[in-house]
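These notes concern the structure reproduced below.
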Amino acid sequence: MSHDHKIEKAWQALRTEAIESLLNDIGVLDSAEVDAVVHHYEENVGPRTGARVVAKAWVDPDFKARLMADGLAACAELGIGGPETELLHVLENTAQVHNVVVCTLCSCYPWPILGLPPVWYKSSAYRSRLVREPRKVLHEMGLSLEDEVEIRVWDSVSEIRYLVLPQRPEGTEGLDEAQLAELVSRDSMIGVAHLQPYTGKGA
Amino acid sequence: MQPHELLDQVHGAGLAHLSFTSPWAARLFGMTLTAAQKEIFSLQDFQQALIASIQRHEQGSCIESDEQYYSCWLVALQGLLEQHELIQSERIAVVEAEIMAKAQQRHDHQRTGHHHHDHHVSHVHHAEPEQQA
């Protein structure tokens with residue numbers, strides 16, 4: 001055991017702390033404001049936010065029409081949104097067409113609707129392969145689509161963000177909006193998963 | 001990355017319900033959004049900086065973890081702030097040294113005060129060499 005305990009810190013943690021400290025010192029940023037943003041994303045926003053939008057679209061045809069016409073305006077009706085997203089296109093999955101979203105250049109994602117993206121969404125493998133071989137990638141991720149189903153890959157560019165509206169699962173006719181929202185997974189709203197038929201048992 | 005590894009990541013537990021996988025990534029994200037809200041730069045500007053940073057990283061190796069991804073984010077944010085002349089890399093180095101000196105002081109103090117409870121909590125992070133382009 002060494003008696004000379006030198007502490008270590010990940011260079012990213014150190015650099016980040018230094019930058020925040022400097023920005024505070026010159027009055028450009030206030031750490032309390034940063035706290036508020038972080039807290040919002042840790043506590044309030046996440047895939048459950050998007051699930052509410054999807055469930056509402058399933059039960060309310062008028063809302064769905066508005067959502068398809070202007071995603072952000074419809075989300076705002078539910079108190080969902082933020083300055084981080086300027087344009088939201090909603091893509092409806094059907095028996096014939098399957099939509100899936102990627103950001104090939106970085107990792108654009110509809111933060112205020114779905115929270116932060118999963119690790120695999122940011123990975124080089126997903127970003128480089130999905131456009132090239134979507135059927136294969138989706139299969140590897142556990143989603144096998146029939147050959148007849150057309151796959152549309154949407155690359156998030158500039159200001160446009162995408163939300164996939166998954167197909168409503170079978171067996172959910174008797175469920176209300178809140179119960180439906182419970183069934184909607186994050187991955188189904190990115191387009192890498194289907195929702196399983198509802199059996200009445202908890203997921 | 002092999003195909004099955006992608007699948008493993010998808011089904012891998014743990015990360016799925018965590019917003020941020022490290023505190024510094026959370027601070028970076030928060031600082032970026034706050035700066036954009038204050039119109040210090042636009043999110044489009046940041047996006048371009050992030051794209052360039054990721055491209056530089058991917059010339060050498062793939063992004064397979066949150067740590068690698070947010071490291072690119074850090075390089076992008078630092079570059080943008082330097083470009084706007086809000087921070088200078090020399091000043092960052094000075095502040096980093098101050099932070100480390102203070103942390104060392106606290107650590108030494110705790111060790112002399114609580115030597116029975118030293119569980120090495122202060123040096124769990126493995127320091128990485130500078131990766132900047």
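Following the order of the structure tokens, chains are lettered A, B, ..., residues in each are numbered from 1, and ligands are numbered from 1.
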Residue contacts of Pro166 (chain A) (12 Å, only C-alpha atoms) excluding same-chain residues fewer than 5 positions away, as a ChimeraX atom specification: /A:50-51,53-55,57-58,90-95,97-100,180-181,183-196
Could the residues in this selection be saved with N, CA and C atoms as a short mmCIF file (atom, residue, chain, number, x, y, z; two decimals), in the first residue's frame?
```
data_model
loop_
_atom_site.label_atom_id
_atom_site.label_comp_id
_atom_site.auth_asym_id
_atom_site.auth_seq_id
_atom_site.Cartn_x
_atom_site.Cartn_y
_atom_site.Cartn_z
N GLY A 50 -43.01 10.87 -24.24
CA GLY A 50 -43.43 10.49 -25.60
C GLY A 50 -44.56 9.48 -25.57
N ALA A 51 -44.55 8.60 -24.59
CA ALA A 51 -45.60 7.58 -24.49
C ALA A 51 -46.98 8.22 -24.31
N VAL A 53 -47.88 11.05 -25.57
CA VAL A 53 -48.26 11.58 -26.89
C VAL A 53 -48.83 10.46 -27.75
N VAL A 54 -48.14 9.33 -27.75
CA VAL A 54 -48.56 8.20 -28.57
C VAL A 54 -49.94 7.70 -28.14
N ALA A 55 -50.12 7.52 -26.83
CA ALA A 55 -51.40 7.01 -26.33
C ALA A 55 -52.55 7.95 -26.69
N ALA A 57 -52.67 9.93 -29.22
CA ALA A 57 -52.92 9.82 -30.67
C ALA A 57 -53.74 8.57 -30.98
N TRP A 58 -53.53 7.52 -30.23
CA TRP A 58 -54.29 6.28 -30.46
C TRP A 58 -55.78 6.44 -30.12
N VAL A 90 -43.84 13.53 -37.04
CA VAL A 90 -44.30 12.26 -36.49
C VAL A 90 -44.52 11.29 -37.65
N LEU A 91 -43.98 10.09 -37.49
CA LEU A 91 -44.00 9.10 -38.56
C LEU A 91 -44.85 7.92 -38.10
N GLU A 92 -45.92 7.65 -38.85
CA GLU A 92 -46.84 6.61 -38.41
C GLU A 92 -46.46 5.24 -38.98
N ASN A 93 -46.27 4.29 -38.11
CA ASN A 93 -46.03 2.92 -38.58
C ASN A 93 -47.35 2.24 -38.89
N THR A 94 -47.36 1.49 -39.98
CA THR A 94 -48.55 0.74 -40.38
C THR A 94 -48.11 -0.69 -40.69
N ALA A 95 -49.08 -1.50 -41.09
CA ALA A 95 -48.74 -2.88 -41.44
C ALA A 95 -47.84 -2.91 -42.67
N VAL A 97 -45.79 -0.07 -43.76
CA VAL A 97 -44.62 0.82 -43.70
C VAL A 97 -44.07 0.87 -42.28
N HIS A 98 -42.77 0.63 -42.19
CA HIS A 98 -42.13 0.74 -40.88
C HIS A 98 -41.10 1.86 -40.92
N ASN A 99 -41.24 2.81 -40.01
CA ASN A 99 -40.30 3.94 -39.92
C ASN A 99 -39.31 3.71 -38.80
N VAL A 100 -38.08 4.11 -39.04
CA VAL A 100 -37.06 4.01 -38.00
C VAL A 100 -36.14 5.23 -38.12
N LEU A 180 -52.78 2.72 -21.82
CA LEU A 180 -52.09 2.56 -23.10
C LEU A 180 -50.68 3.13 -23.04
N ALA A 181 -50.56 4.28 -22.39
CA ALA A 181 -49.24 4.93 -22.31
C ALA A 181 -48.23 4.02 -21.63
N LEU A 183 -47.86 1.01 -22.03
CA LEU A 183 -47.40 -0.05 -22.94
C LEU A 183 -46.36 0.42 -23.94
N VAL A 184 -46.24 1.74 -24.08
CA VAL A 184 -45.39 2.28 -25.16
C VAL A 184 -43.93 2.33 -24.73
N SER A 185 -43.09 1.65 -25.46
CA SER A 185 -41.67 1.62 -25.10
C SER A 185 -40.89 2.69 -25.85
N ARG A 186 -39.78 3.08 -25.27
CA ARG A 186 -38.90 4.03 -25.94
C ARG A 186 -38.48 3.52 -27.32
N ASP A 187 -38.08 2.26 -27.37
CA ASP A 187 -37.56 1.72 -28.62
C ASP A 187 -38.61 1.73 -29.73
N SER A 188 -39.88 1.57 -29.34
CA SER A 188 -40.93 1.59 -30.38
C SER A 188 -41.07 2.99 -30.96
N MET A 189 -40.72 4.01 -30.18
CA MET A 189 -40.85 5.39 -30.66
C MET A 189 -39.62 5.84 -31.47
N ILE A 190 -38.56 5.04 -31.40
CA ILE A 190 -37.41 5.26 -32.29
C ILE A 190 -37.59 4.42 -33.55
N GLY A 191 -38.35 3.34 -33.39
CA GLY A 191 -38.64 2.49 -34.55
C GLY A 191 -37.80 1.23 -34.62
N VAL A 192 -37.20 0.85 -33.49
CA VAL A 192 -36.38 -0.37 -33.50
C VAL A 192 -37.10 -1.53 -32.80
N ALA A 193 -38.35 -1.30 -32.42
CA ALA A 193 -39.09 -2.38 -31.76
C ALA A 193 -40.58 -2.24 -32.08
N HIS A 194 -41.27 -3.36 -32.06
CA HIS A 194 -42.73 -3.38 -32.13
C HIS A 194 -43.28 -3.47 -30.72
N LEU A 195 -44.53 -3.13 -30.56
CA LEU A 195 -45.16 -3.35 -29.26
C LEU A 195 -45.83 -4.72 -29.30
N GLN A 196 -45.67 -5.44 -28.25
CA GLN A 196 -46.22 -6.80 -28.19
C GLN A 196 -47.74 -6.74 -28.02
#
```
Distance query Leu14 (chain A) at most 10 Å, only C-alpha atoms, self and fewer than 5 positions along chain excluded, as number ranges by chain: A: 8-9, 19; B: 24, 92-93, 95-97, 99-100, 127
Take the selection from the previous step and output its residues with N, CA, C and O atoms, as a short mmCIF file (atom, residue, chain, number, x, y, z; two decimals), in the first residue's frame.
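Result file result24.cif:
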```
data_model
loop_
_atom_site.label_atom_id
_atom_site.label_comp_id
_atom_site.auth_asym_id
_atom_site.auth_seq_id
_atom_site.Cartn_x
_atom_site.Cartn_y
_atom_site.Cartn_z
N GLU A 8 -6.91 10.87 -8.20
CA GLU A 8 -7.06 10.91 -9.65
C GLU A 8 -8.49 11.27 -9.98
O GLU A 8 -9.39 11.04 -9.20
N LYS A 9 -8.62 11.84 -11.16
CA LYS A 9 -9.95 12.27 -11.58
C LYS A 9 -9.99 12.09 -13.09
O LYS A 9 -9.01 12.41 -13.77
N ILE A 19 -14.36 24.20 -16.84
CA ILE A 19 -15.12 25.05 -17.77
C ILE A 19 -16.30 25.69 -17.06
O ILE A 19 -16.56 26.89 -17.19
N TRP B 24 -20.39 14.28 -14.94
CA TRP B 24 -19.83 15.30 -15.83
C TRP B 24 -20.60 15.39 -17.14
O TRP B 24 -20.73 16.48 -17.73
N ILE B 92 -8.03 27.27 -18.59
CA ILE B 92 -8.60 25.98 -18.20
C ILE B 92 -7.55 25.15 -17.47
O ILE B 92 -7.82 24.57 -16.42
N ALA B 93 -6.34 25.15 -18.01
CA ALA B 93 -5.27 24.37 -17.40
C ALA B 93 -4.99 24.85 -15.99
O ALA B 93 -4.79 24.05 -15.07
N VAL B 95 -7.11 26.46 -13.93
CA VAL B 95 -8.23 26.10 -13.05
C VAL B 95 -8.22 24.60 -12.75
O VAL B 95 -8.49 24.18 -11.62
N GLU B 96 -7.86 23.80 -13.74
CA GLU B 96 -7.78 22.35 -13.50
C GLU B 96 -6.76 22.04 -12.41
O GLU B 96 -7.02 21.20 -11.53
N ALA B 97 -5.64 22.72 -12.47
CA ALA B 97 -4.60 22.49 -11.46
C ALA B 97 -5.11 22.90 -10.07
O ALA B 97 -4.86 22.22 -9.07
N ILE B 99 -8.25 22.94 -9.07
CA ILE B 99 -9.26 21.96 -8.63
C ILE B 99 -8.56 20.72 -8.06
O ILE B 99 -8.95 20.21 -7.00
N MET B 100 -7.53 20.25 -8.74
CA MET B 100 -6.82 19.06 -8.28
C MET B 100 -6.11 19.32 -6.95
O MET B 100 -6.11 18.46 -6.07
N ALA B 127 -7.65 7.90 -14.57
CA ALA B 127 -7.36 9.07 -15.41
C ALA B 127 -6.98 8.64 -16.81
O ALA B 127 -6.29 7.65 -17.00
#
```
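Ranking B:Gln104, B:Thr112, B:Gln59, B:Thr21 by their shortest atom-to-atom distance to chain A, with only C-alpha atoms included, puts B:Gln104 first.
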Residues of chain A within 9 Å of chain B, only C-alpha atoms counted, as a ChimeraX atom specification: /A:5-23,26,28-31,33-39,41-43,46,83-84,105-108,115-120,122-126,137,140-142,158-159
Can you check which residues of region 52-137 of chain A DSSP gives as alpha helix (DSSP H) on the backbone and send them as a compact mmCIF listing (two decimals) with N, CA, C and O atoms, in the first residue's frame?
```txt
# COMPACT_ATOMS: atom_id res chain seq x y z
N ARG A 52 -47.01 9.33 -23.59
CA ARG A 52 -48.30 10.04 -23.41
C ARG A 52 -48.82 10.55 -24.74
O ARG A 52 -50.02 10.51 -25.02
N VAL A 53 -47.88 11.05 -25.57
CA VAL A 53 -48.26 11.58 -26.89
C VAL A 53 -48.83 10.46 -27.75
O VAL A 53 -49.87 10.61 -28.39
N VAL A 54 -48.14 9.33 -27.75
CA VAL A 54 -48.56 8.20 -28.57
C VAL A 54 -49.94 7.70 -28.14
O VAL A 54 -50.84 7.49 -28.96
N ALA A 55 -50.12 7.52 -26.83
CA ALA A 55 -51.40 7.01 -26.33
C ALA A 55 -52.55 7.95 -26.69
O ALA A 55 -53.63 7.51 -27.10
N LYS A 56 -52.29 9.23 -26.56
CA LYS A 56 -53.31 10.23 -26.91
C LYS A 56 -53.68 10.12 -28.39
O LYS A 56 -54.85 10.20 -28.76
N ALA A 57 -52.67 9.93 -29.22
CA ALA A 57 -52.92 9.82 -30.67
C ALA A 57 -53.74 8.57 -30.98
O ALA A 57 -54.55 8.56 -31.91
N TRP A 58 -53.53 7.52 -30.23
CA TRP A 58 -54.29 6.28 -30.46
C TRP A 58 -55.78 6.44 -30.12
O TRP A 58 -56.62 5.85 -30.76
N VAL A 59 -56.08 7.22 -29.08
CA VAL A 59 -57.48 7.29 -28.63
C VAL A 59 -58.22 8.50 -29.19
O VAL A 59 -59.44 8.55 -29.14
N PRO A 61 -58.62 10.69 -32.51
CA PRO A 61 -58.28 10.87 -33.93
C PRO A 61 -58.00 12.33 -34.30
O PRO A 61 -57.16 12.60 -35.16
N ASP A 62 -58.71 13.25 -33.66
CA ASP A 62 -58.48 14.67 -33.97
C ASP A 62 -57.07 15.10 -33.52
O ASP A 62 -56.36 15.81 -34.24
N PHE A 63 -56.70 14.63 -32.33
CA PHE A 63 -55.35 14.95 -31.84
C PHE A 63 -54.31 14.34 -32.78
O PHE A 63 -53.31 14.98 -33.12
N LYS A 64 -54.57 13.11 -33.19
CA LYS A 64 -53.62 12.44 -34.09
C LYS A 64 -53.44 13.24 -35.38
O LYS A 64 -52.32 13.42 -35.87
N ALA A 65 -54.54 13.75 -35.91
CA ALA A 65 -54.46 14.54 -37.14
C ALA A 65 -53.59 15.79 -36.92
O ALA A 65 -52.76 16.15 -37.77
N ARG A 66 -53.80 16.42 -35.79
CA ARG A 66 -52.99 17.62 -35.49
C ARG A 66 -51.53 17.25 -35.28
O ARG A 66 -50.62 17.97 -35.68
N LEU A 67 -51.32 16.10 -34.65
CA LEU A 67 -49.96 15.64 -34.38
C LEU A 67 -49.22 15.36 -35.69
O LEU A 67 -48.04 15.70 -35.84
N MET A 68 -49.92 14.74 -36.62
CA MET A 68 -49.28 14.42 -37.90
C MET A 68 -49.00 15.69 -38.69
O MET A 68 -48.04 15.76 -39.46
N ALA A 69 -49.85 16.70 -38.50
CA ALA A 69 -49.69 17.95 -39.26
C ALA A 69 -48.59 18.81 -38.67
O ALA A 69 -47.80 19.42 -39.40
N GLY A 71 -46.20 18.29 -35.29
CA GLY A 71 -45.89 17.51 -34.09
C GLY A 71 -45.68 18.36 -32.86
O GLY A 71 -46.20 18.07 -31.78
N LEU A 72 -44.94 19.43 -33.02
CA LEU A 72 -44.57 20.24 -31.86
C LEU A 72 -45.79 20.97 -31.28
O LEU A 72 -45.95 21.03 -30.06
N ALA A 73 -46.65 21.48 -32.18
CA ALA A 73 -47.84 22.19 -31.70
C ALA A 73 -48.75 21.25 -30.94
O ALA A 73 -49.31 21.61 -29.90
N ALA A 74 -48.89 20.02 -31.44
CA ALA A 74 -49.76 19.05 -30.76
C ALA A 74 -49.17 18.66 -29.41
O ALA A 74 -49.89 18.53 -28.43
N CYS A 75 -47.86 18.48 -29.36
CA CYS A 75 -47.22 18.15 -28.08
C CYS A 75 -47.41 19.29 -27.08
O CYS A 75 -47.60 19.05 -25.87
N ALA A 76 -47.35 20.51 -27.58
CA ALA A 76 -47.51 21.67 -26.69
C ALA A 76 -48.88 21.66 -26.03
O ALA A 76 -49.05 22.12 -24.90
N GLU A 77 -49.88 21.10 -26.71
CA GLU A 77 -51.21 20.99 -26.11
C GLU A 77 -51.16 20.18 -24.82
O GLU A 77 -51.96 20.36 -23.91
N TRP A 111 -35.15 15.42 -27.68
CA TRP A 111 -34.96 15.42 -26.22
C TRP A 111 -36.21 15.72 -25.40
O TRP A 111 -36.50 15.01 -24.44
N PRO A 112 -36.94 16.83 -25.75
CA PRO A 112 -38.07 17.16 -24.86
C PRO A 112 -39.20 16.13 -24.91
O PRO A 112 -40.07 16.13 -24.06
N ILE A 113 -39.18 15.27 -25.94
CA ILE A 113 -40.27 14.30 -26.08
C ILE A 113 -39.85 12.93 -25.54
O ILE A 113 -40.64 12.21 -24.96
N LEU A 114 -38.59 12.56 -25.76
CA LEU A 114 -38.14 11.22 -25.38
C LEU A 114 -37.03 11.21 -24.33
O LEU A 114 -36.53 10.15 -23.96
N VAL A 119 -27.51 4.61 -25.31
CA VAL A 119 -26.12 4.52 -25.76
C VAL A 119 -26.03 4.00 -27.19
O VAL A 119 -25.29 4.55 -28.01
N TRP A 120 -26.79 2.96 -27.50
CA TRP A 120 -26.65 2.37 -28.84
C TRP A 120 -27.04 3.34 -29.94
O TRP A 120 -26.52 3.27 -31.06
N TYR A 121 -27.95 4.27 -29.64
CA TYR A 121 -28.38 5.24 -30.65
C TYR A 121 -27.21 6.13 -31.07
O TYR A 121 -27.13 6.60 -32.19
N LYS A 122 -26.28 6.34 -30.12
CA LYS A 122 -25.12 7.20 -30.38
C LYS A 122 -23.93 6.42 -30.92
O LYS A 122 -22.93 7.01 -31.30
N SER A 124 -21.31 4.29 -33.12
CA SER A 124 -20.89 4.33 -34.53
C SER A 124 -21.59 3.24 -35.32
O SER A 124 -21.96 3.43 -36.48
N ALA A 125 -21.75 2.07 -34.70
CA ALA A 125 -22.32 0.93 -35.41
C ALA A 125 -23.75 1.22 -35.87
O ALA A 125 -24.07 1.06 -37.05
N TYR A 126 -24.59 1.67 -34.97
CA TYR A 126 -25.98 1.95 -35.34
C TYR A 126 -26.03 3.07 -36.37
O TYR A 126 -26.73 2.98 -37.38
N ARG A 127 -25.28 4.14 -36.14
CA ARG A 127 -25.35 5.31 -37.01
C ARG A 127 -24.84 5.01 -38.41
O ARG A 127 -25.33 5.55 -39.40
N SER A 128 -23.85 4.15 -38.51
CA SER A 128 -23.29 3.90 -39.84
C SER A 128 -24.03 2.78 -40.57
O SER A 128 -24.09 2.77 -41.78
N ARG A 129 -24.62 1.87 -39.83
CA ARG A 129 -25.19 0.69 -40.50
C ARG A 129 -26.67 0.80 -40.81
O ARG A 129 -27.15 0.15 -41.74
N PRO A 134 -30.88 -1.58 -43.11
CA PRO A 134 -31.84 -1.43 -42.00
C PRO A 134 -32.48 -2.76 -41.58
O PRO A 134 -32.65 -3.01 -40.39
N ARG A 135 -32.84 -3.58 -42.56
CA ARG A 135 -33.55 -4.82 -42.22
C ARG A 135 -32.68 -5.71 -41.34
O ARG A 135 -33.14 -6.31 -40.38
N LYS A 136 -31.40 -5.74 -41.70
CA LYS A 136 -30.47 -6.59 -40.96
C LYS A 136 -30.24 -6.04 -39.54
O LYS A 136 -30.26 -6.79 -38.56
N VAL A 137 -30.03 -4.73 -39.46
CA VAL A 137 -29.80 -4.13 -38.14
C VAL A 137 -31.03 -4.33 -37.25
O VAL A 137 -30.90 -4.71 -36.07
```
